[in-house]
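S.K.: Take a look at query-v7.csv, CSV, C-alpha atoms and all ligand atoms:
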chain,number,residue,atom,x,y,z
A,71,MET,CA,173.9,92.2,89.7
A,72,PRO,CA,175.9,90.2,92.2
A,73,ASP,CA,179.5,91.3,93.0
A,74,LEU,CA,182.0,88.9,91.4
A,75,ILE,CA,185.0,90.4,93.2
A,76,ASP,CA,184.6,91.4,96.8
A,77,ILE,CA,187.6,92.8,98.6
A,78,ARG,CA,186.8,93.3,102.2
A,79,GLY,CA,188.9,95.2,104.7
A,80,VAL,CA,192.2,94.0,103.1
A,81,SER,CA,195.5,95.2,104.7
A,82,HIS,CA,198.9,94.0,103.7
A,83,ALA,CA,202.5,94.8,104.6
A,84,TYR,CA,205.6,93.4,102.9
A,85,ARG,CA,208.4,92.1,105.1
A,86,THR,CA,211.5,93.9,104.2
A,87,PRO,CA,215.0,94.0,105.8
A,88,ALA,CA,214.1,97.5,107.0
A,89,GLY,CA,210.9,96.2,108.7
A,90,PRO,CA,207.3,95.9,107.5
A,91,LEU,CA,206.3,98.0,104.6
A,92,PRO,CA,202.5,98.6,104.8
A,93,VAL,CA,201.1,98.7,101.3
A,94,LEU,CA,197.4,98.2,101.6
A,95,GLU,CA,195.2,99.4,104.5
A,96,ASP,CA,191.6,98.5,105.0
A,97,LEU,CA,190.9,98.3,101.3
A,98,ASN,CA,187.3,97.7,100.2
A,99,ILE,CA,186.4,97.1,96.5
A,100,SER,CA,183.4,95.5,95.0
A,101,VAL,CA,183.2,94.7,91.3
A,102,PRO,CA,179.8,93.5,89.9
A,103,GLU,CA,179.8,90.6,87.5
A,104,ALA,CA,180.5,91.5,83.8
A,105,THR,CA,181.7,95.0,84.7
A,106,PHE,CA,185.1,96.7,84.1
A,107,CYS,CA,186.9,98.2,87.1
A,108,ALA,CA,189.8,100.5,86.4
A,109,VAL,CA,192.2,101.1,89.3
A,110,VAL,CA,194.4,104.2,89.3
A,111,GLY,CA,196.6,105.7,91.9
A,112,PRO,CA,200.1,107.1,92.6
A,113,SER,CA,203.1,105.1,91.5
A,114,GLY,CA,204.1,102.5,94.1
A,115,CYS,CA,200.8,102.8,96.1
A,116,GLY,CA,200.1,99.0,95.9
A,117,LYS,CA,198.1,98.5,92.6
A,118,SER,CA,200.0,95.4,91.5
A,119,THR,CA,199.9,94.0,95.0
A,120,LEU,CA,196.1,94.2,94.7
A,121,THR,CA,196.1,92.2,91.5
A,122,ARG,CA,198.3,89.5,93.2
A,123,LEU,CA,195.8,89.2,96.0
A,124,VAL,CA,192.8,88.9,93.6
A,125,ALA,CA,194.7,86.2,91.6
A,126,GLY,CA,195.4,84.3,94.9
A,127,LEU,CA,199.2,84.6,94.4
A,128,MET,CA,199.5,86.2,97.8
A,129,LYS,CA,197.4,86.2,101.0
A,130,PRO,CA,196.6,89.4,102.7
A,131,ASP,CA,197.7,89.9,106.4
A,132,ARG,CA,194.1,91.0,107.2
A,133,GLY,CA,190.8,91.0,105.4
A,134,GLU,CA,189.3,88.8,102.7
A,135,VAL,CA,189.2,88.5,99.0
A,136,TRP,CA,186.1,86.7,97.5
A,137,LEU,CA,185.6,85.6,93.9
A,138,HIS,CA,182.2,84.3,92.9
A,139,GLY,CA,181.2,83.7,96.5
A,140,GLU,CA,184.4,81.7,97.2
A,141,ARG,CA,187.1,83.0,99.4
A,142,VAL,CA,190.5,83.2,97.6
A,143,THR,CA,193.2,81.5,99.5
A,144,SER,CA,195.4,80.0,96.7
A,145,PRO,CA,196.1,80.7,93.0
A,146,ARG,CA,193.0,80.6,90.8
A,147,ARG,CA,192.8,79.0,87.4
A,148,THR,CA,189.7,81.0,86.7
A,149,VAL,CA,191.7,84.2,86.6
A,150,GLY,CA,193.2,85.4,83.3
A,151,MET,CA,196.1,87.8,83.4
A,152,ALA,CA,197.6,90.3,80.9
A,153,PHE,CA,200.7,92.4,81.6
A,154,GLN,CA,202.6,95.3,80.0
A,155,ASN,CA,205.1,92.8,78.6
A,156,PRO,CA,203.0,90.1,76.8
A,157,VAL,CA,205.6,87.3,77.5
A,158,LEU,CA,204.6,85.1,74.6
A,159,LEU,CA,206.7,82.0,74.0
A,160,GLU,CA,208.9,82.5,71.0
A,161,TRP,CA,209.1,78.7,70.3
A,162,ARG,CA,205.4,78.6,69.8
A,163,THR,CA,203.3,80.1,67.0
A,164,ILE,CA,200.7,82.7,67.9
A,165,LEU,CA,198.0,80.1,67.7
A,166,GLU,CA,199.9,77.7,70.0
A,167,ASN,CA,200.5,80.6,72.4
A,168,VAL,CA,196.8,81.4,72.6
A,169,ILE,CA,195.9,77.8,73.1
A,170,LEU,CA,198.3,77.3,76.0
A,171,PRO,CA,195.8,78.1,78.9
A,172,LEU,CA,193.4,75.6,77.4
A,173,GLU,CA,196.1,72.9,77.6
A,174,ILE,CA,196.4,73.6,81.3
A,175,VAL,CA,192.8,74.3,82.3
A,176,ALA,CA,191.0,72.0,79.9
A,177,PRO,CA,193.4,69.2,79.0
A,178,ARG,CA,190.6,67.0,77.8
A,179,MET,CA,189.2,69.5,75.4
A,180,PRO,CA,189.7,68.1,71.8
A,181,ARG,CA,192.4,69.9,69.9
A,182,LYS,CA,189.9,70.8,67.2
A,183,ASP,CA,187.8,72.7,69.7
A,184,ARG,CA,190.8,74.5,71.2
A,185,VAL,CA,191.9,75.6,67.7
A,186,GLU,CA,188.4,76.7,66.9
A,187,ARG,CA,188.1,78.8,70.1
A,188,ALA,CA,191.6,80.4,69.6
A,189,MET,CA,190.9,81.2,66.0
A,190,ALA,CA,187.6,82.8,66.8
A,191,LEU,CA,189.4,85.1,69.2
A,192,LEU,CA,192.2,85.9,66.8
A,193,GLU,CA,189.6,86.8,64.2
A,194,MET,CA,187.9,89.1,66.7
A,195,VAL,CA,191.1,91.0,67.5
A,196,GLY,CA,192.1,91.3,63.8
A,197,LEU,CA,194.9,88.7,63.9
A,198,ARG,CA,193.5,86.1,61.5
A,199,GLY,CA,196.2,85.2,59.0
A,200,PHE,CA,198.9,85.7,61.7
A,201,GLU,CA,198.2,82.5,63.6
A,202,ALA,CA,201.3,80.7,62.2
A,203,LYS,CA,203.7,83.5,62.9
A,204,ARG,CA,206.1,83.6,65.8
A,205,PRO,CA,205.8,86.4,68.4
A,206,SER,CA,208.9,88.2,67.2
A,207,GLN,CA,207.3,88.5,63.7
A,208,LEU,CA,204.5,90.7,65.1
A,209,SER,CA,204.4,94.3,66.2
A,210,GLY,CA,204.1,95.3,69.8
A,211,GLY,CA,200.4,96.0,69.4
A,212,MET,CA,199.8,92.7,67.6
A,213,ARG,CA,201.6,90.8,70.4
A,214,GLN,CA,199.4,92.5,73.0
A,215,ARG,CA,196.3,91.5,71.0
A,216,ALA,CA,197.5,87.9,71.0
A,217,SER,CA,198.2,88.2,74.7
A,218,LEU,CA,194.6,89.4,75.3
A,219,CYS,CA,193.3,86.3,73.4
A,220,ARG,CA,195.5,84.1,75.5
A,221,ALA,CA,194.2,85.7,78.7
A,222,ILE,CA,190.6,85.1,77.9
A,223,VAL,CA,190.7,81.9,75.8
A,224,HIS,CA,189.7,79.7,78.7
A,225,ARG,CA,186.8,82.0,79.7
A,226,PRO,CA,188.2,83.1,83.1
A,227,ASP,CA,185.8,84.5,85.7
A,228,VAL,CA,188.0,87.5,85.9
A,229,LEU,CA,190.5,89.1,83.7
A,230,ILE,CA,193.3,91.1,85.5
A,231,MET,CA,195.3,93.5,83.4
A,232,ASP,CA,198.3,95.3,84.9
A,233,GLU,CA,199.3,98.2,82.6
A,234,PRO,CA,198.7,96.1,79.5
A,235,PHE,CA,198.9,99.0,77.0
A,236,GLY,CA,201.6,101.0,78.8
A,237,ALA,CA,204.3,100.3,76.3
A,238,LEU,CA,202.3,101.1,73.2
A,239,ASP,CA,202.2,104.3,71.3
A,240,ASN,CA,199.0,106.4,71.6
A,241,PHE,CA,197.3,105.4,68.4
A,242,THR,CA,198.0,101.7,68.9
A,243,ARG,CA,196.8,102.0,72.5
A,244,GLU,CA,193.5,103.6,71.4
A,245,ASP,CA,193.0,100.7,68.9
A,246,LEU,CA,193.5,98.3,71.7
A,247,TRP,CA,191.0,100.0,73.9
A,248,GLN,CA,188.4,99.6,71.1
A,249,THR,CA,189.5,95.9,70.7
A,250,MET,CA,188.8,95.5,74.4
A,251,ARG,CA,185.4,97.1,74.1
A,252,ASP,CA,184.5,94.7,71.2
A,253,LEU,CA,185.8,91.7,73.1
A,254,ARG,CA,183.6,92.6,76.0
A,255,ALA,CA,180.6,93.0,73.8
A,256,ALA,CA,181.2,89.6,72.2
A,257,GLU,CA,181.7,87.7,75.5
A,258,PRO,CA,181.2,89.7,78.7
A,259,PHE,CA,183.8,89.2,81.4
A,260,THR,CA,184.6,90.9,84.6
A,261,CYS,CA,187.8,92.9,84.5
A,262,VAL,CA,190.2,94.7,86.8
A,263,LEU,CA,192.5,97.0,84.9
A,264,ILE,CA,195.5,98.7,86.6
A,265,THR,CA,196.5,101.8,84.6
A,266,HIS,CA,198.3,105.1,84.9
A,267,ASP,CA,196.3,106.5,82.0
A,268,LEU,CA,193.2,108.3,83.1
A,269,ARG,CA,191.7,108.5,79.6
A,270,GLU,CA,192.1,104.7,79.4
A,271,SER,CA,190.3,104.3,82.8
A,272,VAL,CA,187.4,106.4,81.6
A,273,PHE,CA,187.1,104.8,78.2
A,274,LEU,CA,187.2,101.3,79.4
A,275,GLY,CA,185.9,101.5,83.0
A,276,ASP,CA,182.4,101.1,84.3
A,277,GLN,CA,183.9,102.3,87.6
A,278,VAL,CA,187.3,104.0,88.2
A,279,ILE,CA,188.7,103.5,91.7
A,280,VAL,CA,191.3,105.9,92.9
A,281,LEU,CA,193.7,104.5,95.4
A,282,SER,CA,195.3,106.8,98.0
A,283,GLY,CA,199.0,107.0,98.5
A,284,ARG,CA,200.7,104.1,100.3
A,285,PRO,CA,199.4,102.4,102.3
A,286,ALA,CA,196.5,102.4,99.8
A,287,SER,CA,192.9,102.4,100.6
A,288,THR,CA,190.0,103.4,98.4
A,289,GLN,CA,190.0,107.1,98.2
A,290,PHE,CA,187.4,107.7,95.5
A,291,ILE,CA,185.1,105.8,93.2
A,292,LEU,CA,183.9,107.3,89.9
A,293,ASN,CA,180.9,105.7,88.3
A,294,VAL,CA,181.6,106.3,84.6
A,295,GLY,CA,178.1,105.9,83.2
A,296,LEU,CA,179.1,106.2,79.6
A,297,PRO,CA,177.3,104.0,77.0
A,298,ALA,CA,178.8,100.5,76.7
A,299,ASP,CA,179.4,101.0,72.9
A,300,ARG,CA,181.4,104.1,73.5
A,301,ARG,CA,183.7,105.3,70.7
A,302,ILE,CA,187.0,107.2,71.2
A,303,ASP,CA,185.2,110.5,70.4
A,304,VAL,CA,183.5,110.1,73.7
A,305,LEU,CA,186.7,111.2,75.4
A,306,TYR,CA,186.3,114.7,73.9
A,307,THR,CA,182.9,115.3,75.3
A,308,PRO,CA,182.4,117.8,78.2
A,309,GLU,CA,181.1,114.9,80.3
A,310,ALA,CA,184.3,112.9,79.9
A,311,THR,CA,186.5,115.9,80.2
A,312,ASP,CA,184.9,116.7,83.6
A,313,MET,CA,185.5,113.2,84.7
A,314,LEU,CA,189.1,113.4,83.7
A,315,HIS,CA,189.6,116.6,85.6
A,316,LEU,CA,187.9,115.1,88.6
A,317,LEU,CA,190.2,112.1,88.5
A,318,ARG,CA,193.3,114.3,88.0
A,319,ASP,CA,192.3,116.2,91.1
A,320,GLN,CA,191.9,112.9,93.0
A,321,ILE,CA,195.3,111.7,91.9
A,322,ARG,CA,196.9,115.0,93.1
A,323,ILE,CA,195.3,114.5,96.4
A,324,ALA,CA,196.5,110.9,96.6
A,325,GLN,CA,200.0,112.2,95.8
A,326,GLY,CA,199.6,114.8,98.5
A,327,ARG,CA,200.1,117.7,96.1
A,328,GLU,CA,196.7,119.4,96.1
A,329,GLU,CA,195.2,121.1,99.1
A,330,THR,CA,191.6,121.2,98.0
A,331,VAL,CA,189.1,119.6,95.7
A,332,ALA,CA,185.4,119.9,95.4
A,333,GLY,CA,183.9,118.5,98.5
A,334,GLY,CA,186.8,118.5,100.9
A,335,ALA,CA,190.4,119.2,101.9
A,336,ALA,CA,193.3,116.9,101.2
A,337,PRO,CA,195.5,115.9,104.0
A,338,ARG,CA,198.9,117.6,103.9
A,339,ASP,CA,201.0,114.7,104.8
A,340,GLY,CA,200.8,112.9,101.5
A,341,GLN,CA,198.8,110.1,102.9
A,342,ALA,CA,195.3,108.9,102.0
A,343,ALA,CA,192.3,111.1,102.1
A,344,PRO,CA,189.8,110.1,104.8
A,345,ALA,CA,189.5,106.4,104.6
A,346,ARG,CA,185.9,106.3,103.4
A,347,ASP,CA,184.7,105.2,100.1
A,348,ARG,CA,183.1,108.0,98.1
A,349,THR,CA,181.0,107.3,95.2
A,350,SER,CA,181.0,110.2,92.8
A,351,PRO,CA,177.7,112.1,92.6
A,352,ALA,CA,176.2,112.5,89.2
A,353,LEU,CA,178.8,114.8,87.5
A,354,SER,CA,177.6,118.2,86.7
A,355,PRO,CA,179.7,120.5,84.5
A,356,ARG,CA,182.6,121.9,86.5
A,357,ASP,CA,181.9,119.5,89.3
A,358,GLY,CA,185.2,118.4,90.7
A,359,GLY,CA,187.0,121.6,90.2
A,360,ALA,CA,187.8,121.3,86.5
A,361,ARG,CA,190.4,123.8,85.5
B,401,LIG,N1,207.7,91.4,97.1
B,401,LIG,C1,207.9,92.6,97.6
B,401,LIG,N2,208.7,92.8,98.7
B,401,LIG,C2,208.9,94.0,99.3
B,401,LIG,N3,208.3,95.2,98.8
B,401,LIG,C3,207.5,95.0,97.7
B,401,LIG,C4,207.3,93.8,97.1
B,401,LIG,N4,206.5,94.0,96.0
B,401,LIG,C5,206.2,95.3,96.0
B,401,LIG,N5,206.9,96.0,97.0
B,401,LIG,C6,206.8,97.4,97.4
B,401,LIG,O1,205.4,97.6,97.7
B,401,LIG,C7,205.0,98.9,97.2
B,401,LIG,C8,203.8,98.7,96.3
B,401,LIG,O2,204.2,98.0,95.1
B,401,LIG,P1,203.2,97.7,93.9
B,401,LIG,O3,204.0,97.1,92.8
B,401,LIG,O4,202.0,97.0,94.4
B,401,LIG,O5,202.8,99.2,93.6
B,401,LIG,P2,202.2,99.8,92.2
B,401,LIG,O6,201.2,100.8,92.7
B,401,LIG,O7,201.7,98.7,91.3
B,401,LIG,O8,203.4,100.6,91.6
B,401,LIG,P3,203.6,101.2,90.1
B,401,LIG,O9,202.5,102.1,89.9
B,401,LIG,O10,204.9,101.9,90.2
B,401,LIG,O11,203.6,100.0,89.1
B,401,LIG,C9,206.2,99.5,96.5
B,401,LIG,O12,206.9,100.4,97.4
B,401,LIG,C10,207.1,98.3,96.2
B,401,LIG,O13,208.5,98.6,96.2
Is it possible to give me this structure as structure tokens?
M.R.:
Amino acid sequence: MPDLIDIRGVSHAYRTPAGPLPVLEDLNISVPEATFCAVVGPSGCGKSTLTRLVAGLMKPDRGEVWLHGERVTSPRRTVGMAFQNPVLLEWRTILENVILPLEIVAPRMPRKDRVERAMALLEMVGLRGFEAKRPSQLSGGMRQRASLCRAIVHRPDVLIMDEPFGALDNFTREDLWQTMRDLRAAEPFTCVLITHDLRESVFLGDQVIVLSGRPASTQFILNVGLPADRRIDVLYTPEATDMLHLLRDQIRIAQGREETVAGGAAPRDGQAAPARDRTSPALSPRDGGAR
């Protein structure tokens, strides 16, 4: 499958009053079309910066970001975004909120078709019957469902999600993971998910990328390899448990807290592990130093 997102040798520093703050350093990530890439890493390492670069909201100091074979140099309409805070417009109904991107991206699309498209998505996420409500009349989980519909209503090439489920309780969050799985099955899209939740990364991801501490580079890549129609129970299997331990170890290394992990020593200075991309070998039980 061709890579839909290709991040090549990207480095970026913010200009701050105290001088440049290097955030990303020689970052390389490839996301094949119609796959789900979860990105985890220590707090403040540069994950949100990465999403801004992919969406074309910022240009990197060095390196290139490519989407569908085109270099990203300006904001892209073909990118859908979902955040922790859904930011739905209170003066619009849920249906009108979901339709909004179509009004911008496909202004000539007949209203009947827009409504049909939005209603089909609302049905898929279990919000049929709530289309005439205002955002404040819905629960947090329902608002996030509506926000997901809005993010993909215009069939973007890429969906970028930055901690979309972070504010939800555990049960609602797991429901939403399953909604995401069903949405993907219904209409495959390429997705980059930023998360602090390792279970979420394994449940939703085809690959999980662990970023090193700031300035972030790719420290570790886990190929998840679970079936596409996975159910929540899969997280309790030994295979998933081993992956979670492995990721936990990698996060500790990225935070500079762990000295060793299977396969190598972590640097002591809290910076990135050696800047080479490592694809996880097939996981065997206890591989990765599960404790
Ligand atoms: N516009 C900006 N100007 C200056 N510094 C910034 C700017 N945006 C982010 N930063 C800094 O860059 C670093 C990386 O920020 P970013 O939001 O990308 O990290 P993150 O990994 O998403 O963080 P978290 O996990 O806490 O959400 C942080 O130290 C942050 O304070």
S.K.: Hey, which residues come within 12 Å of ligand LIG 401 (chain B) if we count all atoms listed in the file? Could you give them as a ChimeraX atom specification?
M.R.: /A:82-95,109-123,127-128,153-154,231-234,236,263-267,280-287,324-325
S.K.: Please enclose the listed atoms of region 181-184 of chain A in an axis-aligned box, pad each side by 6 Å, and write out the centre and the three edge lengths in Å, rounded to one decimal, as JSON.
M.R.:
{"center_x": 190.1, "center_y": 72.2, "center_z": 69.2, "size_x": 16.6, "size_y": 16.6, "size_z": 16.0}
S.K.: At what distance in Å, to one decimal, does CA of Phe290 (chain A) lie from CA of Ile323 (chain A)?
M.R.: 10.5 Å
S.K.: Can you work out the spacing between CA of Phe106 (chain A) and CA of Gly326 (chain A) in Å, to one decimal?
M.R.: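 Those two atoms sit 27.3 Å apart.
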S.K.: Near region 167-182 of chain A, counting only C-alpha atoms, which residues have an atom at most 8 Å away, once you skip same-chain residues fewer than 6 positions from it, shown as a PyMOL selection string?
M.R.: chain A and resi 147+158-159+188+216-217+219-221+223-224
S.K.: Between A:Ser209, A:Thr288, A:Ser271, A:Thr148, which is the closest to Arg225 (chain A) once you count all atoms listed in the file?
M.R.: A:Thr148
S.K.: Mind pulling up the distance from CA of Leu97 (chain A) to CA of Asp76 (chain A)?
M.R.: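 These atoms are spaced 10.4 Å apart.
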S.K.: Kindly indicate which residue among A:Val124, A:Leu316, A:Ala202, A:Ile164 lies nearest to Arg78 (chain A), using all atoms listed in the file for the distances.
M.R.: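 Result for the nearest residue to Arg78 (chain A): A:Val124.
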S.K.: Applying 8 Å and only C-alpha atoms, which residues near Gly150 (chain A) remain after dropping the ones on its own chain fewer than 5 positions away? List them as a PDB file with C-alpha atoms, in the coordinates of the input.
M.R.:
ATOM      1  CA  ALA A 221     194.200  85.700  78.700  1.00  0.00           C
ATOM      2  CA  ILE A 222     190.600  85.100  77.900  1.00  0.00           C
ATOM      3  CA  PRO A 226     188.200  83.100  83.100  1.00  0.00           C
ATOM      4  CA  ASP A 227     185.800  84.500  85.700  1.00  0.00           C
ATOM      5  CA  VAL A 228     188.000  87.500  85.900  1.00  0.00           C
ATOM      6  CA  LEU A 229     190.500  89.100  83.700  1.00  0.00           C
ATOM      7  CA  ILE A 230     193.300  91.100  85.500  1.00  0.00           C
TER       8      ILE A 230
END
S.K.: Which residue out of A:Ile77, A:Val157, A:Val185, A:Leu292 has the minimum interatomic distance to Leu218 (chain A) when all atoms listed in the file are used?
M.R.: A:Val157
S.K.: Calculated over all atoms listed in the file, which of the candidates A:Ala152, A:Val278, A:Leu296, A:Ala108 has the smallest distance to Phe235 (chain A)?
M.R.: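 Comparing A:Ala152, A:Val278, A:Leu296, A:Ala108 against Phe235 (chain A), the winner is A:Ala152.
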S.K.: Have a look at A:Glu140, A:Asp245, A:Asp299, A:Glu166 and name the one nearest to Met212 (chain A); count only C-alpha atoms.
M.R.: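 Counting only C-alpha atoms, the residue closest to Met212 (chain A) is A:Asp245.
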S.K.: When you look at Leu137 (chain A) with a cut-off of 7 Å (counting only C-alpha atoms), what residues show up, excluding the ones that are within fewer than 4 positions of it in the same chain? I need them as a PyMOL selection string.
M.R.: chain A and resi 74-76+141-142
S.K.: Which one of A:Leu238, A:Leu274, A:Leu246, A:Ala310 sits closest to Gly196 (chain A) if you count only C-alpha atoms?
M.R.: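 Using only C-alpha atoms, Gly196 (chain A) sits closest to A:Leu246.
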